[in-house]
Each structure stands twice: as structure tokens, then as C-alpha cells.
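**Student:** Okay, handing you the structure first.
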Amino acid sequence: MSKTVPVGVSARHIHLTQEHVEALFGPGYQLTEFKPLSQPGQFAANEQVAVIGTKGKFDKVRILGPVRPASQLEVSRTDAFSLGVKAPVRESGHIEGTPGITIKGPAGEVELETGVIVAARHIHFHTSEAEAWGIADKQLLKVRLGGERGLVLENVIARVSDNFKLDMHIDTDEANAAGANNGDTAEIVD
């Protein structure tokens with residue numbers, strides 16, 4: 001049985017706490033939805049911020065909602081070099097011991113002490129899909145991206161939950177290396 005999954009390419013983005021949203025946009029401010037994302041209840045917000053590192057900065061970094069318990073900037077390895085930040089590869093939410101960054105919004109700035117990561121490549125599985133395919137939460141998978149520049153990615157983390165919809169997330173560096181785009185498909189090979 002072929003185990004194909006849709007591919008989603010994650011550009012640099014940021015997740016913020018409500019406290020940081022208010023520090024950047026003003027007291028009581030609430031994020032507004034620009035468009036829904038592949039995972040239920042998740043959205044790209046209309047709001048954007050600047051992120052400033054020791055070497056460079058990026059303006060117009062999209063905020064993803066809803067708000068989170070901890071603020072976190074997800075960048076590609078190339079983005080990290082451009083910012084001058086030594087961001088480790090981590091699963092989302094695992095920010096202990098990571099570098100910080102300055103975030104600038106229209107109403108203020110926030111200095112993150114930690115929270116800059118290169119997101120580990122992963123596949124979201126609904127529990128029923130994972131069970132049908134014999135895949136366990138946190139299992140490391142090998143996945144083939146086809147096409148003219150096709151390649152095999154190792155150490156793709158399975159993330160299993162009743163709240164997830166099947167979707168593989170890779171960053172822009174990985175997508176560019178493989179010539180992959182949003183909506184392409186990949187095959188789990190091991």
C-alpha cells in the first residue's frame with residue numbers, strides 16, 4: 001500500500017503569546033485571520049512583525065494563530081545565517097536553550113530570550129491514519145519527494161493526534177533542494 005502525504009512548505013513565521021501580541025500591537029489586541037492553514041483551527045494572521053538579529057532582519061514576518069503558551073520564531077537554516085542566529089533544529093514548542101531575537105511591531109518591541117528554531121521536518125497524522133499505516137507518535141520516518149530534483153528525507157518526525165490532518169511540513173531550504181511546492185505529494189518509504 002502506497003503511503004502518500006501532501007506536502008506543505010513552511011516559510012519563516014512566528015507564533016506569539018497573547019502578552020507579546022499586546023506588547024507589539026497594543027493592549028487587548030486580537031489576531032485576525034488572513035487565511036486558514038492545513039491544520040484544523042490554525043491560521044495565518046493578517047498581522048506581521050519585523051524580526052531583528054545580530055547580522056540582519058526580516059520585515060513582514062507572518063504571525064500564525066491562534067496565540068500560543070510560548071513565543072517562537074521558525075526559520076530556515078539560510079534565514080538563521082542571515083539573521084546571525086545559531087538556531088538549532090527542534091520540534092515546535094521545544095525552545096529550551098535556543099537563542100532569542102528582537103521582535104518589532106507597530107506598538108512596541110519584544111526581546112525574546114529564547115525561541116528561535118529551525119523546525120524539524122515532520123508529518124501531521126490524524127490518529128486513525130497513523131493506526132492504519134502502523135505509525136507511532138514521534139516515530140522517525142524516511143520520506144521520498146519525487147520530481148526533477150527528487151530526494152529522500154530522513155528523520156521525519158511523525159506527529160499523531162486526533163486534532164491533526166495529514167500533512168508533511170518542510171521548510172523552504174528543504175523544498176528548494178527538492179524542487180518541491182505546496183500541494184505536491186511525498187511517499188513514506190520507511
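Naming works like this for the C-alpha cells: A, B, ... for the chains as they're shown, residue 1 at the start of each chain, ligands 1 onward in shown order.
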Need to verify the contact set: Arg144 (chain A), 10 Å, only C-alpha atoms, exclusion of same-chain residues closer than 4 positions in sequence. Can you return it as a ChimeraX atom specification?

**Tutor:** /A:4,150-154,178,185-190

**Student:** When you look at region 42-47 of chain A with a cut-off of 9 Å (counting only C-alpha atoms), what residues show up, excluding the ones that are within fewer than 6 positions of it in the same chain? I need them as a list in words.

**Tutor:** Phe25, Leu31, Thr32, Glu33, Phe34, Lys35, Pro36, Lys60, Val61, Arg62, Ile63, Leu64, Gly65 and Pro66 of chain A

**Student:** Can I get the selection written as a tab-separated table (two decimals), in the first residue's frame, with all heavy atoms?

**Tutor:**
chain	number	residue	atom	x	y	z
A	25	PHE	N	1.24	45.08	19.42
A	25	PHE	CA	0.12	45.70	18.69
A	25	PHE	C	-0.79	46.57	19.55
A	25	PHE	O	-1.62	47.29	19.02
A	25	PHE	CB	-0.72	44.63	17.99
A	25	PHE	CG	0.02	43.95	16.87
A	25	PHE	CD1	0.74	42.79	17.10
A	25	PHE	CD2	0.02	44.48	15.59
A	25	PHE	CE1	1.44	42.16	16.08
A	25	PHE	CE2	0.72	43.86	14.56
A	25	PHE	CZ	1.43	42.70	14.81
A	31	LEU	N	-5.41	38.80	17.29
A	31	LEU	CA	-5.01	38.47	15.92
A	31	LEU	C	-6.24	38.27	15.05
A	31	LEU	O	-7.27	37.78	15.51
A	31	LEU	CB	-4.18	37.18	15.89
A	31	LEU	CG	-2.83	37.22	16.62
A	31	LEU	CD1	-2.18	35.84	16.59
A	31	LEU	CD2	-1.90	38.26	15.99
A	32	THR	N	-6.12	38.66	13.78
A	32	THR	CA	-7.22	38.47	12.82
A	32	THR	C	-6.77	37.52	11.72
A	32	THR	O	-5.60	37.52	11.32
A	32	THR	CB	-7.65	39.82	12.21
A	32	THR	OG1	-6.54	40.42	11.54
A	32	THR	CG2	-8.18	40.76	13.28
A	33	GLU	N	-7.70	36.70	11.25
A	33	GLU	CA	-7.36	35.66	10.29
A	33	GLU	C	-7.20	36.18	8.87
A	33	GLU	O	-8.09	36.85	8.35
A	33	GLU	CB	-8.43	34.55	10.31
A	33	GLU	CG	-8.06	33.37	9.43
A	33	GLU	CD	-9.02	32.21	9.56
A	33	GLU	OE1	-9.48	31.93	10.69
A	33	GLU	OE2	-9.32	31.58	8.53
A	34	PHE	N	-6.07	35.86	8.26
A	34	PHE	CA	-5.80	36.13	6.84
A	34	PHE	C	-6.27	34.95	6.01
A	34	PHE	O	-7.00	35.10	5.05
A	34	PHE	CB	-4.30	36.38	6.64
A	34	PHE	CG	-3.86	36.50	5.22
A	34	PHE	CD1	-4.32	37.52	4.40
A	34	PHE	CD2	-2.96	35.57	4.69
A	34	PHE	CE1	-3.91	37.62	3.08
A	34	PHE	CE2	-2.54	35.67	3.37
A	34	PHE	CZ	-3.01	36.69	2.57
A	35	LYS	N	-5.85	33.72	6.41
A	35	LYS	CA	-6.32	32.50	5.74
A	35	LYS	C	-6.09	31.30	6.65
A	35	LYS	O	-5.16	31.28	7.46
A	35	LYS	CB	-5.64	32.30	4.40
A	35	LYS	CG	-4.17	31.98	4.46
A	35	LYS	CD	-3.59	31.73	3.07
A	35	LYS	CE	-2.12	31.38	3.18
A	35	LYS	NZ	-1.52	31.09	1.89
A	36	PRO	N	-6.94	30.27	6.51
A	36	PRO	CA	-6.75	29.07	7.33
A	36	PRO	C	-5.54	28.28	6.85
A	36	PRO	O	-5.15	28.35	5.68
A	36	PRO	CB	-8.05	28.28	7.11
A	36	PRO	CG	-8.60	28.78	5.83
A	36	PRO	CD	-8.12	30.19	5.66
A	60	LYS	N	8.03	42.04	7.78
A	60	LYS	CA	6.82	41.34	7.32
A	60	LYS	C	6.87	39.83	7.54
A	60	LYS	O	6.58	39.04	6.64
A	60	LYS	CB	6.54	41.66	5.85
A	60	LYS	CG	6.29	43.14	5.62
A	60	LYS	CD	5.93	43.43	4.19
A	60	LYS	CE	5.68	44.91	4.00
A	60	LYS	NZ	5.33	45.26	2.64
A	61	VAL	N	7.25	39.42	8.75
A	61	VAL	CA	7.19	38.01	9.12
A	61	VAL	C	5.76	37.73	9.60
A	61	VAL	O	5.27	38.38	10.53
A	61	VAL	CB	8.22	37.67	10.22
A	61	VAL	CG1	8.06	36.23	10.69
A	61	VAL	CG2	9.63	37.91	9.69
A	62	ARG	N	5.13	36.77	8.96
A	62	ARG	CA	3.73	36.44	9.23
A	62	ARG	C	3.57	35.79	10.61
A	62	ARG	O	4.33	34.91	10.98
A	62	ARG	CB	3.21	35.49	8.15
A	62	ARG	CG	1.77	35.07	8.27
A	62	ARG	CD	0.77	36.06	7.78
A	62	ARG	NE	1.00	36.43	6.39
A	62	ARG	CZ	0.38	37.45	5.80
A	62	ARG	NH1	-0.49	38.17	6.48
A	62	ARG	NH2	0.62	37.74	4.54
A	63	ILE	N	2.57	36.24	11.34
A	63	ILE	CA	2.22	35.61	12.61
A	63	ILE	C	1.21	34.49	12.30
A	63	ILE	O	0.29	34.68	11.50
A	63	ILE	CB	1.59	36.62	13.58
A	63	ILE	CG1	2.56	37.76	13.87
A	63	ILE	CG2	1.15	35.93	14.87
A	63	ILE	CD1	1.95	38.93	14.62
A	64	LEU	N	1.39	33.33	12.95
A	64	LEU	CA	0.43	32.24	12.84
A	64	LEU	C	-0.36	32.16	14.13
A	64	LEU	O	0.20	32.32	15.22
A	64	LEU	CB	1.11	30.91	12.55
A	64	LEU	CG	1.94	30.83	11.26
A	64	LEU	CD1	2.39	29.40	11.01
A	64	LEU	CD2	1.20	31.37	10.05
A	65	GLY	N	-1.65	31.95	14.00
A	65	GLY	CA	-2.51	31.88	15.17
A	65	GLY	C	-3.15	30.51	15.28
A	65	GLY	O	-3.02	29.69	14.39
A	66	PRO	N	-3.82	30.28	16.40
A	66	PRO	CA	-4.05	31.21	17.50
A	66	PRO	C	-2.81	31.40	18.37
A	66	PRO	O	-1.79	30.78	18.11
A	66	PRO	CB	-5.18	30.52	18.29
A	66	PRO	CG	-5.02	29.07	17.99
A	66	PRO	CD	-4.46	28.98	16.60

**Student:** For Asn182 (chain A), find every residue with an atom within 7 Å (counting only C-alpha atoms), except residues of its own chain fewer than 5 positions away, and show them as a list in words.

**Tutor:**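 Here the answer would be Val7, Gly8 and Val9 of chain A.
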
**Student:** Using only C-alpha atoms, which residues sit within 7 Å of Ile157 (chain A) once same-chain residues fewer than 2 positions away are excluded, as a list in words?

**Tutor:**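 Residues meeting the cut-off are Arg121, His122, Ile123, Lys138, Gln139, Leu140, Leu141, Asn155 and Arg159 of chain A.
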
**Student:** Write out as an NGL selection string the residues lying within 8 Å of region 50-58 of chain A, counting only C-alpha atoms and excluding same-chain residues fewer than 2 positions away.

**Tutor:** :A and (48 or 60-61 or 82-85 or 101-105)

**Student:** Those residues you just picked out, can you put them in a file as a JSON list (two decimals), in the first residue's frame with all heavy atoms?

**Tutor:**
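Produced file part.json, reproduced below:
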[["chain", "number", "residue", "atom", "x", "y", "z"],
["A", 48, "GLN", "N", 1.73, 41.13, 10.82],
["A", 48, "GLN", "CA", 3.12, 40.78, 10.56],
["A", 48, "GLN", "C", 4.02, 41.63, 11.45],
["A", 48, "GLN", "O", 3.61, 42.70, 11.90],
["A", 48, "GLN", "CB", 3.46, 41.02, 9.09],
["A", 48, "GLN", "CG", 2.62, 40.18, 8.13],
["A", 48, "GLN", "CD", 2.89, 40.53, 6.68],
["A", 48, "GLN", "OE1", 4.04, 40.62, 6.28],
["A", 48, "GLN", "NE2", 1.84, 40.73, 5.91],
["A", 60, "LYS", "N", 8.03, 42.04, 7.78],
["A", 60, "LYS", "CA", 6.82, 41.34, 7.32],
["A", 60, "LYS", "C", 6.87, 39.83, 7.54],
["A", 60, "LYS", "O", 6.58, 39.04, 6.64],
["A", 60, "LYS", "CB", 6.54, 41.66, 5.85],
["A", 60, "LYS", "CG", 6.29, 43.14, 5.62],
["A", 60, "LYS", "CD", 5.93, 43.43, 4.19],
["A", 60, "LYS", "CE", 5.68, 44.91, 4.00],
["A", 60, "LYS", "NZ", 5.33, 45.26, 2.64],
["A", 61, "VAL", "N", 7.25, 39.42, 8.75],
["A", 61, "VAL", "CA", 7.19, 38.01, 9.12],
["A", 61, "VAL", "C", 5.76, 37.73, 9.60],
["A", 61, "VAL", "O", 5.27, 38.38, 10.53],
["A", 61, "VAL", "CB", 8.22, 37.67, 10.22],
["A", 61, "VAL", "CG1", 8.06, 36.23, 10.69],
["A", 61, "VAL", "CG2", 9.63, 37.91, 9.69],
["A", 82, "SER", "N", 21.31, 34.50, 7.85],
["A", 82, "SER", "CA", 21.06, 35.91, 7.50],
["A", 82, "SER", "C", 20.80, 36.77, 8.73],
["A", 82, "SER", "O", 21.20, 37.93, 8.78],
["A", 82, "SER", "CB", 19.87, 36.02, 6.54],
["A", 82, "SER", "OG", 20.16, 35.38, 5.32],
["A", 83, "LEU", "N", 20.12, 36.21, 9.73],
["A", 83, "LEU", "CA", 19.83, 36.94, 10.96],
["A", 83, "LEU", "C", 21.02, 36.99, 11.91],
["A", 83, "LEU", "O", 21.07, 37.84, 12.80],
["A", 83, "LEU", "CB", 18.65, 36.30, 11.70],
["A", 83, "LEU", "CG", 17.28, 36.46, 11.06],
["A", 83, "LEU", "CD1", 16.27, 35.54, 11.74],
["A", 83, "LEU", "CD2", 16.82, 37.91, 11.11],
["A", 84, "GLY", "N", 21.96, 36.05, 11.75],
["A", 84, "GLY", "CA", 23.09, 35.96, 12.67],
["A", 84, "GLY", "C", 22.73, 35.21, 13.94],
["A", 84, "GLY", "O", 23.24, 35.50, 15.02],
["A", 85, "VAL", "N", 21.84, 34.23, 13.81],
["A", 85, "VAL", "CA", 21.35, 33.46, 14.94],
["A", 85, "VAL", "C", 21.68, 31.99, 14.72],
["A", 85, "VAL", "O", 21.45, 31.45, 13.63],
["A", 85, "VAL", "CB", 19.81, 33.63, 15.09],
["A", 85, "VAL", "CG1", 19.27, 32.78, 16.21],
["A", 85, "VAL", "CG2", 19.45, 35.08, 15.29],
["A", 101, "ILE", "N", 15.68, 36.65, 19.97],
["A", 101, "ILE", "CA", 15.59, 37.57, 18.83],
["A", 101, "ILE", "C", 14.79, 38.80, 19.28],
["A", 101, "ILE", "O", 14.04, 38.73, 20.25],
["A", 101, "ILE", "CB", 14.91, 36.89, 17.62],
["A", 101, "ILE", "CG1", 15.17, 37.62, 16.31],
["A", 101, "ILE", "CG2", 13.42, 36.69, 17.84],
["A", 101, "ILE", "CD1", 16.33, 37.09, 15.54],
["A", 102, "THR", "N", 14.95, 39.91, 18.59],
["A", 102, "THR", "CA", 14.12, 41.09, 18.84],
["A", 102, "THR", "C", 12.96, 41.08, 17.85],
["A", 102, "THR", "O", 13.16, 40.86, 16.66],
["A", 102, "THR", "CB", 14.95, 42.38, 18.65],
["A", 102, "THR", "OG1", 16.05, 42.35, 19.56],
["A", 102, "THR", "CG2", 14.11, 43.62, 18.90],
["A", 103, "ILE", "N", 11.77, 41.33, 18.37],
["A", 103, "ILE", "CA", 10.57, 41.41, 17.54],
["A", 103, "ILE", "C", 10.04, 42.82, 17.62],
["A", 103, "ILE", "O", 9.89, 43.37, 18.72],
["A", 103, "ILE", "CB", 9.47, 40.43, 18.02],
["A", 103, "ILE", "CG1", 10.03, 39.02, 18.21],
["A", 103, "ILE", "CG2", 8.29, 40.42, 17.06],
["A", 103, "ILE", "CD1", 9.10, 38.12, 19.01],
["A", 104, "LYS", "N", 9.74, 43.41, 16.47],
["A", 104, "LYS", "CA", 9.23, 44.79, 16.44],
["A", 104, "LYS", "C", 7.87, 44.82, 15.76],
["A", 104, "LYS", "O", 7.70, 44.31, 14.65],
["A", 104, "LYS", "CB", 10.21, 45.68, 15.68],
["A", 104, "LYS", "CG", 9.84, 47.16, 15.70],
["A", 104, "LYS", "CD", 10.95, 47.98, 15.06],
["A", 104, "LYS", "CE", 10.60, 49.40, 14.85],
["A", 104, "LYS", "NZ", 10.49, 50.22, 16.02],
["A", 105, "GLY", "N", 6.91, 45.41, 16.46],
["A", 105, "GLY", "CA", 5.57, 45.59, 15.92],
["A", 105, "GLY", "C", 5.23, 47.07, 15.88],
["A", 105, "GLY", "O", 6.04, 47.91, 16.29]]

**Student:** Could you pull the residues within 10 Å of Gly93 (chain A), counting only C-alpha atoms, minus those fewer than 6 positions along the same chain, as a ChimeraX atom specification?

**Tutor:** /A:15,68-72,115,117,119

**Student:** As an exercise, work out the distance from CA of Tyr29 (chain A) to CA of Ala107 (chain A) in Å and give it to one decimal place.

**Tutor:** 10.5 Å

**Student:** What parts of chain A does DSSP call strand (DSSP E or B)? I'd like the answer as a PyMOL selection string.

**Tutor:** chain A and resi 4-10+13-15+33-36+43-52+57-65+72-74+89-90+101-105+108-112+116-119+122-126+140-145+151-161+167-171+185-188

**Student:** Going by DSSP on the backbone, which bits of region 42-150 of chain A are helix (DSSP H, G or I)? Write them as a list in words, please.

**Tutor:**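 Those residues are Arg77, Thr78, Asp79, Ala80, Phe81, Ser82, Leu83, Thr127, Ser128, Glu129, Ala130, Glu131, Ala132 and Trp133 of chain A.
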
**Student:** What is the CA of Ser38 (chain A) to CA of Val110 (chain A) distance in Å?

**Tutor:**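 According to the coordinates, CA of Ser38 (chain A) and CA of Val110 (chain A) are separated by 28.5 Å.
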
**Student:** Go through A:Glu129, A:Ser76, A:Val5, A:Glu113 one by one, measure the shortest atom-to-atom distance of each to Asp184 (chain A) using only C-alpha atoms, and give the residue with the smallest value.

**Tutor:** A:Val5

**Student:** So that I can see what lies close to Arg90 (chain A), please list as a PyMOL selection string the residues with an atom at most 10 Å from it, counting only C-alpha atoms and leaving out residues fewer than 4 positions away in the same chain.

**Tutor:** chain A and resi 74+94-96+98+116-121
